[in-house]
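Asker: Structure file my_file.txt (compact mmCIF, C-alpha atoms) right here:
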# COMPACT_ATOMS: atom_id res chain seq x y z
CA MET A 605 0.00 0.00 0.00
CA ASN A 606 1.34 3.41 -0.95
CA LYS A 607 1.44 5.76 2.04
CA ARG A 608 1.20 9.45 1.19
CA PHE A 609 2.19 12.35 3.38
CA ARG A 610 1.68 15.99 2.41
CA LEU A 611 5.18 17.04 3.34
CA ALA A 612 8.72 17.81 2.39
CA ALA A 613 11.66 15.85 3.56
CA ALA A 614 13.77 12.72 3.38
CA LEU A 615 16.93 11.22 4.47
CA SER A 616 20.13 9.53 4.02
CA VAL A 617 22.66 8.83 6.58
CA VAL A 618 24.46 7.55 3.54
CA ALA A 619 23.41 10.02 0.95
CA LEU A 620 25.25 12.90 -0.58
CA ALA A 621 28.86 12.75 -1.33
CA VAL A 622 29.29 16.42 -0.64
CA ALA A 623 32.77 17.39 -1.67
CA ALA A 624 34.90 19.12 0.92
CA CYS A 625 36.00 22.35 -0.67
CA GLY A 626 38.13 25.05 0.82
CA GLU A 627 36.71 28.27 2.14
CA ALA A 628 35.28 30.56 -0.48
CA PRO A 629 37.36 33.67 -1.07
CA ASP A 630 36.44 36.96 0.46
CA GLU A 631 35.85 40.00 -1.71
CA GLU A 632 39.46 41.09 -1.75
CA GLY A 633 41.22 40.67 -5.05
CA GLY A 634 38.19 41.58 -7.14
CA GLY A 635 37.71 44.50 -9.41
CA GLY A 636 36.17 47.79 -8.44
CA ASP A 637 32.83 46.90 -10.02
CA GLY A 638 31.49 44.84 -7.11
CA THR A 639 32.47 41.51 -8.66
CA SER A 640 35.36 39.27 -7.73
CA THR A 641 37.36 36.36 -9.05
CA ALA A 642 38.66 33.43 -7.10
CA GLY A 643 42.35 32.89 -7.67
CA GLY A 644 43.62 29.45 -8.58
CA ASP A 645 45.21 27.29 -11.20
CA GLY A 646 42.19 25.95 -13.06
CA GLY A 647 43.12 24.67 -16.45
CA GLY A 648 40.22 25.83 -18.62
CA ASP A 649 39.49 29.19 -20.18
CA PHE A 650 35.73 28.79 -19.90
CA ALA A 651 34.27 31.55 -17.71
CA ALA A 652 31.69 30.64 -15.06
CA CYS A 653 30.02 33.33 -12.96
CA MET A 654 27.74 33.37 -9.93
CA VAL A 655 25.39 35.86 -8.29
CA SER A 656 24.70 35.07 -4.65
CA ASP A 657 21.61 35.75 -2.61
CA GLN A 658 21.87 37.69 0.64
CA GLY A 659 24.35 36.12 3.02
CA GLY A 660 27.14 35.87 0.46
CA ILE A 661 29.34 32.98 -0.54
CA ASN A 662 30.68 32.49 2.98
CA ASP A 663 27.25 31.86 4.53
CA ARG A 664 28.03 28.23 5.55
CA SER A 665 24.82 27.27 3.81
CA PHE A 666 23.18 27.46 0.38
CA ASN A 667 25.24 30.27 -1.19
CA GLU A 668 28.54 28.71 -0.13
CA THR A 669 27.51 25.19 -1.11
CA SER A 670 26.45 26.44 -4.54
CA TYR A 671 29.70 28.37 -4.96
CA ASN A 672 31.65 25.24 -4.08
CA GLY A 673 30.31 23.79 -7.34
CA LEU A 674 32.37 26.39 -9.20
CA VAL A 675 35.35 25.64 -6.96
CA LEU A 676 35.05 22.00 -7.99
CA ALA A 677 34.83 23.02 -11.63
CA GLN A 678 38.02 25.02 -11.23
CA GLU A 679 39.81 22.14 -9.48
CA GLU A 680 38.79 19.80 -12.31
CA GLY A 681 40.16 22.20 -14.92
CA ILE A 682 36.77 22.99 -16.44
CA ILE A 683 37.04 26.71 -15.69
CA ALA A 684 39.90 29.06 -14.89
CA GLU A 685 38.66 31.51 -12.29
CA PRO A 686 35.12 31.65 -10.92
CA LYS A 687 33.65 35.12 -10.86
CA PHE A 688 31.02 36.13 -8.37
CA ALA A 689 28.89 39.03 -7.23
CA GLU A 690 27.46 39.06 -3.71
CA SER A 691 24.00 40.51 -3.16
CA GLN A 692 23.49 42.47 0.04
CA THR A 693 19.88 43.53 -0.56
CA ASP A 694 17.06 42.80 -3.03
CA ALA A 695 18.10 45.91 -4.97
CA ASP A 696 21.41 44.23 -5.89
CA TYR A 697 19.92 41.29 -7.79
CA GLY A 698 19.28 42.97 -11.14
CA PRO A 699 22.51 44.99 -11.28
CA ASN A 700 24.60 41.99 -10.21
CA VAL A 701 23.10 39.73 -12.87
CA ASP A 702 23.54 42.46 -15.48
CA ALA A 703 27.19 42.86 -14.43
CA MET A 704 27.76 39.16 -15.06
CA VAL A 705 26.10 39.42 -18.48
CA GLN A 706 28.57 42.15 -19.37
CA ASP A 707 31.49 40.05 -18.11
CA ASP A 708 31.53 37.52 -20.96
CA CYS A 709 30.49 34.54 -18.84
CA GLY A 710 30.00 31.13 -20.42
CA ILE A 711 27.36 30.34 -17.80
CA ILE A 712 25.81 32.53 -15.12
CA VAL A 713 24.57 30.73 -12.00
CA THR A 714 22.12 32.63 -9.81
CA VAL A 715 21.50 31.35 -6.30
CA GLY A 716 18.08 31.40 -4.77
CA PHE A 717 14.36 31.81 -5.28
CA LEU A 718 14.63 35.56 -4.80
CA LEU A 719 16.76 35.96 -7.94
CA ALA A 720 14.08 34.47 -10.19
CA ASP A 721 12.79 37.74 -11.62
CA ALA A 722 16.23 39.20 -12.25
CA THR A 723 17.34 35.96 -13.90
CA ARG A 724 14.28 35.81 -16.15
CA GLU A 725 14.67 39.41 -17.25
CA ALA A 726 18.35 38.94 -18.08
CA ALA A 727 17.76 35.63 -19.85
CA GLU A 728 14.98 37.00 -22.01
CA ALA A 729 16.99 40.11 -22.86
CA ASN A 730 20.11 38.06 -23.65
CA PRO A 731 19.02 34.83 -25.36
CA GLU A 732 22.59 33.98 -26.31
CA GLU A 733 23.63 33.77 -22.64
CA ARG A 734 23.27 30.54 -20.63
CA PHE A 735 21.94 30.61 -17.08
CA ALA A 736 21.35 28.14 -14.27
CA ILE A 737 19.28 29.06 -11.23
CA VAL A 738 19.51 27.26 -7.91
CA ASP A 739 16.26 26.62 -6.03
CA PHE A 740 13.78 27.83 -8.63
CA GLN A 741 11.72 26.39 -11.47
CA TYR A 742 9.57 28.73 -13.54
CA ALA A 743 5.89 27.78 -13.56
CA ASP A 744 2.47 29.23 -14.35
CA GLU A 745 -0.42 29.89 -11.96
CA THR A 746 -1.38 26.19 -11.99
CA GLY A 747 2.12 25.07 -11.10
CA ALA A 748 2.89 23.72 -14.56
CA PRO A 749 6.53 24.31 -15.54
CA THR A 750 7.14 27.13 -18.04
CA PRO A 751 10.72 26.56 -19.22
CA ILE A 752 12.94 29.37 -20.47
CA ASP A 753 15.17 28.22 -23.33
CA ASN A 754 18.43 29.46 -21.85
CA VAL A 755 17.80 28.85 -18.12
CA LYS A 756 18.46 25.51 -16.41
CA PRO A 757 16.66 25.05 -13.05
CA LEU A 758 18.65 23.30 -10.29
CA VAL A 759 16.01 22.28 -7.75
CA PHE A 760 15.71 19.83 -4.89
CA ASN A 761 12.91 17.85 -3.27
CA THR A 762 14.28 18.48 0.20
CA GLN A 763 10.97 17.44 1.73
CA GLU A 764 12.20 13.87 1.34
CA ALA A 765 15.33 14.48 3.41
CA ALA A 766 13.66 16.77 5.95
CA PHE A 767 11.11 14.00 6.60
CA LEU A 768 13.89 11.78 7.90
CA ALA A 769 15.40 14.62 9.91
CA GLY A 770 11.99 15.19 11.52
CA TYR A 771 11.71 11.51 12.37
CA ALA A 772 15.22 11.51 13.86
CA SER A 773 14.45 14.67 15.82
CA ALA A 774 11.29 13.21 17.30
CA ALA A 775 13.20 10.09 18.30
CA HIS A 776 15.94 12.22 19.90
CA SER A 777 13.68 14.59 21.83
CA THR A 778 13.29 14.01 25.56
CA THR A 779 10.78 16.83 26.11
CA GLY A 780 8.40 15.66 23.39
CA ILE A 781 8.64 19.09 21.73
CA VAL A 782 10.68 20.13 18.68
CA GLY A 783 10.68 23.38 16.73
CA THR A 784 11.38 24.79 13.29
CA TRP A 785 11.51 28.30 11.86
CA GLY A 786 12.46 29.95 8.61
CA GLY A 787 14.19 32.99 7.19
CA ALA A 788 11.91 34.30 4.45
CA LYS A 789 8.55 32.60 3.87
CA ILE A 790 9.29 31.23 0.41
CA PRO A 791 8.72 27.74 -1.06
CA THR A 792 12.36 26.69 -0.87
CA VAL A 793 12.19 27.30 2.89
CA THR A 794 8.74 25.91 3.63
CA ILE A 795 9.54 22.68 1.75
CA PHE A 796 12.02 21.83 4.53
CA MET A 797 9.49 22.73 7.21
CA ASP A 798 6.79 20.61 5.57
CA GLY A 799 9.02 17.57 5.50
CA PHE A 800 10.30 18.08 9.03
CA TYR A 801 6.74 18.44 10.32
CA ASP A 802 5.52 15.30 8.58
CA GLY A 803 8.53 13.29 9.67
CA VAL A 804 7.57 14.04 13.28
CA GLN A 805 3.96 13.06 12.57
CA TYR A 806 5.11 9.79 11.01
CA TYR A 807 7.19 9.04 14.10
CA ASN A 808 4.13 9.68 16.24
CA GLU A 809 2.05 7.36 14.07
CA GLN A 810 4.61 4.57 14.15
CA LYS A 811 5.44 4.85 17.84
CA GLY A 812 2.14 5.92 19.36
CA ALA A 813 3.91 9.08 20.53
CA GLN A 814 2.77 12.70 20.77
CA VAL A 815 5.82 14.77 19.90
CA GLN A 816 4.76 18.35 19.13
CA VAL A 817 6.14 20.63 16.43
CA LEU A 818 6.38 24.34 17.28
CA GLY A 819 6.99 27.04 14.69
CA TRP A 820 5.16 25.50 11.73
CA ASP A 821 1.65 24.22 10.97
CA LYS A 822 1.70 22.36 7.69
CA ALA A 823 -2.07 22.41 7.28
CA THR A 824 -2.35 26.20 7.50
CA GLN A 825 1.16 26.94 6.16
CA GLU A 826 1.66 29.37 9.03
CA GLY A 827 4.65 29.56 11.31
CA GLN A 828 7.66 31.43 12.61
CA PHE A 829 9.76 33.46 10.15
CA VAL A 830 12.40 36.14 10.47
CA GLY A 831 11.31 37.74 7.20
CA ASP A 832 14.81 37.76 5.70
CA PHE A 833 18.18 36.06 6.01
CA ALA A 834 20.00 38.85 7.83
CA ASN A 835 18.27 39.72 11.13
CA THR A 836 20.35 37.79 13.63
CA GLY A 837 18.64 39.42 16.60
CA LEU A 838 15.18 38.23 15.62
CA ALA A 839 16.55 34.80 14.68
CA ARG A 840 18.01 34.45 18.18
CA GLN A 841 14.76 35.67 19.75
CA ILE A 842 12.67 33.11 17.84
CA SER A 843 15.11 30.34 18.81
CA ASP A 844 15.07 31.33 22.48
CA ASN A 845 11.27 31.51 22.48
CA LEU A 846 10.94 28.00 21.06
CA ILE A 847 13.42 26.69 23.61
CA SER A 848 11.52 28.40 26.42
CA GLN A 849 8.41 26.54 25.26
CA GLY A 850 10.19 23.23 25.69
CA ALA A 851 11.70 22.54 22.26
CA ASP A 852 14.92 20.54 22.62
CA VAL A 853 15.56 20.18 18.86
CA LEU A 854 15.50 23.17 16.48
CA HIS A 855 15.49 23.07 12.68
CA PRO A 856 16.27 26.57 11.37
CA VAL A 857 15.84 26.96 7.60
CA ALA A 858 17.50 30.31 7.19
CA GLY A 859 20.94 30.14 5.62
CA PRO A 860 23.44 32.09 7.75
CA LEU A 861 20.82 32.72 10.45
CA ALA A 862 21.09 29.08 11.51
CA GLU A 863 24.07 30.27 13.54
CA SER A 864 21.67 32.14 15.83
CA ALA A 865 19.82 28.90 16.59
CA ALA A 866 23.10 27.12 17.27
CA ILE A 867 24.20 29.85 19.68
CA ALA A 868 20.85 29.62 21.47
CA ALA A 869 21.21 25.82 21.66
CA GLN A 870 24.70 26.07 23.13
CA ALA A 871 23.48 28.58 25.70
CA ALA A 872 20.59 26.30 26.69
CA GLY A 873 22.90 23.34 27.10
CA ASN A 874 20.35 20.63 26.31
CA VAL A 875 19.16 21.55 22.81
CA ALA A 876 20.20 20.10 19.45
CA VAL A 877 20.05 21.67 15.99
CA VAL A 878 19.23 20.26 12.57
CA TRP A 879 21.21 22.34 10.03
CA ALA A 880 19.99 22.99 6.47
CA ASP A 881 21.64 22.79 3.04
CA SER A 882 25.19 21.80 4.05
CA ASP A 883 26.60 19.50 6.72
CA GLY A 884 26.75 22.02 9.55
CA PHE A 885 29.19 19.87 11.50
CA GLU A 886 31.70 20.49 8.71
CA SER A 887 30.69 23.95 7.49
CA ALA A 888 30.10 25.46 10.96
CA PRO A 889 32.47 23.50 13.22
CA ASP A 890 32.12 25.95 16.11
CA TYR A 891 28.63 24.54 16.61
CA GLY A 892 29.33 20.87 15.93
CA ASP A 893 28.59 19.97 19.54
CA VAL A 894 24.89 20.87 19.09
CA ILE A 895 24.30 19.70 15.50
CA LEU A 896 22.27 16.47 15.55
CA THR A 897 22.29 16.13 11.75
CA SER A 898 21.80 18.26 8.63
CA VAL A 899 19.38 18.21 5.71
CA LEU A 900 21.66 18.18 2.67
CA LYS A 901 21.17 19.61 -0.81
CA GLY A 902 23.77 18.70 -3.41
CA MET A 903 23.89 22.17 -4.87
CA ASP A 904 27.64 21.94 -5.43
CA GLN A 905 27.27 18.83 -7.56
CA ALA A 906 24.33 20.32 -9.48
CA VAL A 907 26.28 23.53 -10.21
CA LEU A 908 29.32 21.48 -11.24
CA ALA A 909 27.21 19.40 -13.63
CA ALA A 910 25.55 22.46 -15.18
CA THR A 911 28.94 24.15 -15.62
CA GLN A 912 30.44 21.06 -17.24
CA GLU A 913 27.42 20.84 -19.55
CA ALA A 914 27.84 24.45 -20.64
CA ALA A 915 31.61 24.12 -21.06
CA ASP A 916 31.06 21.06 -23.27
CA ASP A 917 28.58 23.04 -25.38
CA ALA A 918 25.92 20.54 -24.30
CA PHE A 919 23.78 22.97 -22.29
CA THR A 920 20.06 22.19 -21.99
CA ASN A 921 17.25 23.80 -20.03
CA GLU A 922 16.14 20.44 -18.66
CA PRO A 923 15.73 20.78 -14.87
CA TYR A 924 17.97 18.98 -12.45
CA ILE A 925 15.75 17.71 -9.61
CA GLY A 926 17.64 16.39 -6.58
CA THR A 927 15.95 13.50 -4.77
CA LEU A 928 16.84 10.75 -2.34
CA GLU A 929 16.92 8.34 -5.24
CA ASN A 930 19.58 10.22 -7.22
CA GLY A 931 21.52 11.37 -4.14
CA GLY A 932 20.64 15.02 -4.68
CA VAL A 933 19.26 15.32 -1.14
CA GLY A 934 19.94 13.44 2.08
CA ILE A 935 20.80 13.79 5.74
CA ALA A 936 24.28 14.04 7.18
CA PRO A 937 25.83 11.63 9.69
CA PHE A 938 25.01 12.17 13.36
CA HIS A 939 28.67 12.94 14.17
CA ASP A 940 28.95 13.74 17.91
CA PHE A 941 25.41 12.49 18.49
CA ASP A 942 26.04 9.12 16.86
CA SER A 943 26.29 7.25 20.16
CA THR A 944 23.02 8.76 21.41
CA VAL A 945 20.99 7.75 18.34
CA THR A 946 19.89 4.16 18.81
CA GLN A 947 20.55 1.47 16.25
CA GLU A 948 16.80 0.95 16.12
CA THR A 949 16.31 4.55 14.97
CA LYS A 950 19.13 4.25 12.43
CA ASP A 951 17.58 1.08 11.02
CA GLU A 952 14.16 2.74 10.84
CA LEU A 953 15.62 5.72 8.99
CA ALA A 954 17.28 3.43 6.46
CA GLN A 955 14.00 1.58 5.96
CA ILE A 956 12.04 4.81 5.52
CA GLN A 957 14.56 6.03 2.96
CA GLU A 958 14.12 2.84 0.94
CA GLN A 959 10.34 3.18 1.17
CA ILE A 960 10.54 6.73 -0.19
CA ILE A 961 12.87 5.72 -3.00
CA SER A 962 10.69 2.76 -3.97
CA GLY A 963 7.51 4.86 -3.90
CA GLU A 964 5.94 2.88 -1.06
CA LEU A 965 6.02 6.06 1.00
CA THR A 966 5.41 9.33 -0.79
CA VAL A 967 6.55 12.55 0.85
CA GLU A 968 4.64 15.50 -0.52
CA SER A 969 4.74 19.27 -0.33
CA ASP A 970 3.05 22.01 -2.27
CA ALA A 971 6.57 23.32 -2.86
CA ALA A 972 7.91 20.05 -4.31
CA PHE A 973 9.23 19.79 -7.87
CA SER A 974 8.24 17.36 -10.60
Transcribe the structure of this file into structure tokens.
Answerer:
Amino acid sequence: MNKRFRLAAALSVVALAVAACGEAPDEEGGGGDGTSTAGGDGGGDFAACMVSDQGGINDRSFNETSYNGLVLAQEEGIIAEPKFAESQTDADYGPNVDAMVQDDCGIIVTVGFLLADATREAAEANPEERFAIVDFQYADETGAPTPIDNVKPLVFNTQEAAFLAGYASAAHSTTGIVGTWGGAKIPTVTIFMDGFYDGVQYYNEQKGAQVQVLGWDKATQEGQFVGDFANTGLARQISDNLISQGADVLHPVAGPLAESAAIAAQAAGNVAVVWADSDGFESAPDYGDVILTSVLKGMDQAVLAATQEAADDAFTNEPYIGTLENGGVGIAPFHDFDSTVTQETKDELAQIQEQIISGELTVESDAAFS
């Protein structure tokens, strides 16, 4: 029997082979036009460029993981020097994309849902340019995809992986309360929260438990949000409030603002964090002692593949959709928490992952991609 959950999430204690890249460069060494190049000895002369969302390429999350795809391309000799422009506010998106268009890029990668309009405008105005956009697929009012000839979507069904993280969080909780919150209320954030929520509900169903989720109601699509990815004060306040209500696991879906949740967890002393996008134990080692696991998105591998495709003159606008099945999403190892997660829970997570991959268990979200 096929079990269906309206959610967003999944798993993989095995999953993603996320390459360990060095730190992204800071803005020094760039030109005076707001763009920069990363130094290195890449062997190709193909130019690849990136426009980040707010938070920049050192955000320890989705911008940095995406940028690492260009670092990999440089290391493999596909490109010479990655170029990038960091967006500080919404007003930077259009000018930054336009700057990359003027910079003779072989492919321009834009990072994040919020760059969708600027990417579309630039792509339609410059049909000879090739673009890839992370975390967005163009669609009409009914949700049907509306492809743009020269834009390749790089999207991820993170609801599958977040489902497993929610299940693991419910199993780990001793208070019977877990929490989640987001940066901006956009589909690429709420898809994590949907999956996390439903993973907890599935745990309750399987175990006869009553673990509560604070910060998100999947049925109403209402919850706790900062409103952006920059307000560290509000992010800390939301985290502290959830902890004060009894949450002993937090899943922030907010790029660099996840640090605020980790700081709150360390201060509380008995709270764990589920990171988003990258393996927080590796990308934010100062907080490894509170990171239970991470919901992973293989944005680096997707960016690498799109760059290779463009460099080989084999570019297509066919979407890349990361799933548990193709290894595009997953959950990280439990690292310092490994000894506290029972073998029973680990076995159950492996079984759930196989059920999702086989289609026996379907993890759904209104924000999912198809």
Asker: Could you give me, as JSON lines, every stretch 753-852 of chain A residue with an atom at most 8 Å from stretch 870-879 of chain A, plus its closest atom pair and distance in Å to one decimal, counting all atoms listed in the file, rows ordered by chain then number?
Answerer:
{"residue": "A:Ala769", "atom": "CA", "partner": "A:Val878", "partner_atom": "CA", "distance": 7.3}
{"residue": "A:Ile847", "atom": "CA", "partner": "A:Val875", "partner_atom": "CA", "distance": 7.7}
{"residue": "A:Ala851", "atom": "CA", "partner": "A:Val875", "partner_atom": "CA", "distance": 7.5}
{"residue": "A:Asp852", "atom": "CA", "partner": "A:Val875", "partner_atom": "CA", "distance": 4.4}
Asker: For a test of reading the model, state the distance in Å between atom CA of A:Ile682 and atom CA of A:Phe650, rounded to one decimal.
Answerer: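 Here the two named atoms are 6.8 Å from each other.
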Asker: Quick one: everything within 9 Å of A:Gly926, counting all atoms listed in the file, minus sequence neighbours fewer than 2 positions away in the same chain. Send it as number ranges by chain.
Answerer: A: 758-762, 901-903, 906, 924, 928-933
Asker: Residues within 8 Å of A:Glu733, please, as a list in words. Count only C-alpha atoms; anything in the same chain fewer than 3 positions from it doesn't count.
Answerer: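 Skipping anything fewer than 3 positions along the chain leaves Val705, Cys709, Gly710, Ile711, Ile712, Ala727, Asn730 and Asn754 of chain A.
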Asker: Rounded to one decimal in Å, what is the spacing between atom CA of A:Val793 and atom CA of A:Ser773?
Answerer: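 These atoms are spaced 18.2 Å apart.
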Asker: Which is closer to A:Gly660 than all the others in A:Ala813, A:Ala703, A:Ala834, A:Ala936, using only C-alpha atoms?
Answerer: A:Ala834
Asker: When you count all atoms listed in the file, which of these residues is closest to A:Asp883: A:Asp707, A:Phe938, A:Gly850, A:Ala677?
Answerer: A:Phe938
Asker: How many Å separate atom CA of A:Asp702 from atom CA of A:Gln658?
Answerer: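 The value is 16.9 Å.
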